[in-house]
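Take a look at the structure set out below.
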Amino acid sequence: MKSPAPNDPVLAPHAPLTEFYQQPENRATYVNRLFDNSAQYYDWISSVLSFGMDKLYRRMALQKAGLRAGMRVLDVATGTGLVAEAALRIGVRPADLIGLDPSRGMLLENQKARSISLIQSIGERLPFADRSFDFVVMGYALRHVESLPALFTEFRRVLKPGGRALILEISRPDSQIGFKMLRLYMQKFVPWLARRHTSNPDLATLMEYYWATIAECVPPQSIVEALRASGLTDVQRKTYGPILNDYVGNN
Ligand SMILES: C[S@@+](CC[C@H](N)C(=O)[O-])C[C@H]1O[C@@H](n2cnc3c(N)ncnc32)[C@H](O)[C@@H]1O
């Protein structure tokens with residue numbers, strides 16, 4: 001993993017992964033296709049990856065970050081809606097919750113399960129007025145954006161004064177043994193399971209890609225620094241075990 005240049009104004013979450021898409025400019029289309037084609041299996045694989053803790057973890061993370069009923073919430077990279085669902089269970093009203101995602105396939109799955117406003121777009125280009133939300137959350141999608149500064153600048157722009165951003169993300173374990181075990185699990189076992197579960201090869205490829213983005217992601221400290229550089233304050237990173245990270249920042 002190469003360390004990012006300090007103060008990089010673009011700061012991609014990882015270098016181009018050309019073993020998956022030949023040209024860097026094809027990255028977003030490639031990722032979108034993988035999610036579109038795997039959408040119907042996403043909730044199942046998410047549960048497998050997390051040993052069934054995915055829903056509970058998201059809900060606890062939102063609660064710990066201070067999400068409560070009455071807030072106006074934007075769920076960036078909403079996907080099939082696992083974070084959105086957790087927000088609803090905390091008491092956020094459907095009318096106060098907007099989900100955003102570039103993958104039409106993921107949004108269609110989301111729409112089947114609940115009735116909230118869904119918008120097809122990317123986190124680096126939020127189609128909302130300044131100071132629109134009390135709470136902006138992004139679950140496990142940081143590794144798929146083009147530029148962390150662009151993403152966090154948008155988060156800050158659409159947050160009301162006093163609003164909060166929460167980012168849930170996986171990082172590579174620090175220890176060699178932890179890294180090797182996670183690699184075996186995510187790069188080999190989970191794709192194998194995906195191939196057994198469906199004849200659609202894109203789910204297994206998505207899991208292999210998932211691992212590559214984790215292994216190649218910029219270090220957590222670079223994410224913290226990019227959040228601070230965007231103007232968000234009181235930025236904190238909390239870790240749970242060797243791989244789970246919650247980043248929060250206030251506007
Ligand atoms: C691993 S899923 C996470 C879904 C959901 N947030 C969750 O916690 O389960 C990643 C999602 O990020 C979306 N995504 C990819 N590129 C994105 C971008 N530039 N901006 C916002 N979302 C993006 C994908 O379409 C996909 O739905």
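Just so we're on the same page: first chain in the structure tokens is A, next is B, and so on; residues restart at 1 for each chain, and ligands are numbered from 1 in the order they show up.
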Contacts of Gly70 (chain A) at 12 Å (only C-alpha atoms; same-chain gap of 4+ positions) as a ChimeraX atom specification: /A:66,87-88,90-97,133-135
Close residues, Ala86 (chain A) itself excluded, 8 Å, only C-alpha atoms, min 6 positions apart in chain, as a list of chain:residue names: A:Lys55, A:Leu56, A:Arg58, A:Arg59, A:Leu62
Just-selected residues, N, CA and C atoms written as a PDB file, in the first residue's frame:
```
ATOM      1  N   LYS A  55     -26.979  -5.775  10.673  1.00  0.00           N
ATOM      2  CA  LYS A  55     -28.094  -4.864  10.949  1.00  0.00           C
ATOM      3  C   LYS A  55     -27.921  -4.220  12.329  1.00  0.00           C
ATOM      4  N   LEU A  56     -27.589  -5.070  13.304  1.00  0.00           N
ATOM      5  CA  LEU A  56     -27.414  -4.576  14.670  1.00  0.00           C
ATOM      6  C   LEU A  56     -26.273  -3.552  14.737  1.00  0.00           C
ATOM      7  N   ARG A  58     -25.078  -1.549  12.408  1.00  0.00           N
ATOM      8  CA  ARG A  58     -25.445  -0.268  11.797  1.00  0.00           C
ATOM      9  C   ARG A  58     -26.334   0.539  12.751  1.00  0.00           C
ATOM     10  N   ARG A  59     -27.287  -0.152  13.362  1.00  0.00           N
ATOM     11  CA  ARG A  59     -28.211   0.546  14.263  1.00  0.00           C
ATOM     12  C   ARG A  59     -27.463   1.120  15.475  1.00  0.00           C
ATOM     13  N   LEU A  62     -25.370   4.174  14.485  1.00  0.00           N
ATOM     14  CA  LEU A  62     -26.191   5.383  14.299  1.00  0.00           C
ATOM     15  C   LEU A  62     -26.590   5.963  15.658  1.00  0.00           C
TER      16      LEU A  62
END
```
Neighbour list for Gln120 (chain A) as a list in words, cut-off 6 Å, only C-alpha atoms, skip fewer than 3 positions in-chain: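 Everything that qualifies: Leu100, Asp101 and Pro102 of chain A.
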Using the selection just defined, write its residues with N, CA and C atoms as a short mmCIF file (atom, residue, chain, number, x, y, z; two decimals), in the first residue's frame.
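What ended up in part37.cif:
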```
data_model
loop_
_atom_site.label_atom_id
_atom_site.label_comp_id
_atom_site.auth_asym_id
_atom_site.auth_seq_id
_atom_site.Cartn_x
_atom_site.Cartn_y
_atom_site.Cartn_z
N LEU A 100 -29.43 7.82 -1.29
CA LEU A 100 -28.80 8.18 -2.56
C LEU A 100 -27.80 7.10 -2.93
N ASP A 101 -27.79 6.74 -4.21
CA ASP A 101 -26.85 5.70 -4.67
C ASP A 101 -26.78 5.77 -6.20
N PRO A 102 -25.59 5.47 -6.78
CA PRO A 102 -25.52 5.47 -8.26
C PRO A 102 -26.07 4.20 -8.90
#
```
For chain A versus ligand 1, which residues have an atom no more than 9 Å away, and what is each residue's nearest atom pair and distance in Å rounded to one decimal, using only C-alpha atoms and all ligand atoms, chain-then-number order, as a tab-separated table?
```
residue	atom	partner	partner_atom_place_in_ligand_line	distance
A:Ala28	CA	ligand 1	16 (N)	6.6
A:Val31	CA	ligand 1	15 (C)	6.5
A:Asn32	CA	ligand 1	25 (O)	5.7
A:Arg33	CA	ligand 1	25 (O)	8.7
A:Leu34	CA	ligand 1	25 (O)	8.5
A:Phe35	CA	ligand 1	25 (O)	5.5
A:Asp36	CA	ligand 1	25 (O)	7.4
A:Ala39	CA	ligand 1	27 (O)	8.0
A:Tyr42	CA	ligand 1	9 (O)	7.9
A:Asp43	CA	ligand 1	9 (O)	7.5
A:Ser46	CA	ligand 1	9 (O)	7.0
A:Asp54	CA	ligand 1	9 (O)	8.1
A:Lys55	CA	ligand 1	9 (O)	8.8
A:Arg58	CA	ligand 1	8 (O)	7.4
A:Asp75	CA	ligand 1	6 (N)	7.4
A:Val76	CA	ligand 1	21 (C)	5.7
A:Ala77	CA	ligand 1	22 (N)	3.6
A:Thr78	CA	ligand 1	6 (N)	4.3
A:Gly79	CA	ligand 1	27 (O)	3.4
A:Thr80	CA	ligand 1	4 (C)	6.2
A:Gly81	CA	ligand 1	5 (C)	6.0
A:Leu82	CA	ligand 1	9 (O)	4.9
A:Val83	CA	ligand 1	8 (O)	5.2
A:Ala84	CA	ligand 1	6 (N)	8.1
A:Leu100	CA	ligand 1	21 (C)	6.9
A:Asp101	CA	ligand 1	22 (N)	4.7
A:Pro102	CA	ligand 1	25 (O)	5.2
A:Ser103	CA	ligand 1	25 (O)	4.3
A:Arg104	CA	ligand 1	25 (O)	7.9
A:Gly105	CA	ligand 1	25 (O)	8.3
A:Met106	CA	ligand 1	27 (O)	5.6
A:Leu107	CA	ligand 1	27 (O)	7.7
A:Gln120	CA	ligand 1	21 (C)	9.0
A:Ser121	CA	ligand 1	20 (N)	6.8
A:Ile122	CA	ligand 1	20 (N)	3.6
A:Gly123	CA	ligand 1	20 (N)	3.8
A:Glu124	CA	ligand 1	19 (N)	6.2
A:Arg125	CA	ligand 1	20 (N)	8.1
A:Val137	CA	ligand 1	6 (N)	8.4
A:Met138	CA	ligand 1	6 (N)	5.9
A:Gly139	CA	ligand 1	6 (N)	3.9
A:Tyr140	CA	ligand 1	3 (C)	4.9
A:Ala141	CA	ligand 1	10 (C)	4.3
A:Leu142	CA	ligand 1	12 (O)	7.6
A:Arg143	CA	ligand 1	16 (N)	8.0
A:His144	CA	ligand 1	16 (N)	4.5
A:Val145	CA	ligand 1	19 (N)	4.0
A:Glu146	CA	ligand 1	19 (N)	6.4
A:Ser147	CA	ligand 1	19 (N)	8.6
A:Leu151	CA	ligand 1	20 (N)	8.1
A:Leu168	CA	ligand 1	8 (O)	7.8
A:Tyr210	CA	ligand 1	1 (C)	8.0
```
Residue set, region 39-229 of chain A restricted to alpha helix (DSSP H), as a count of residues only: 91
Selected residue of minimal separation from Leu203 (chain A) among A:Ala69, A:Val10, A:Ile45, A:Leu232, counting only C-alpha atoms: A:Ile45
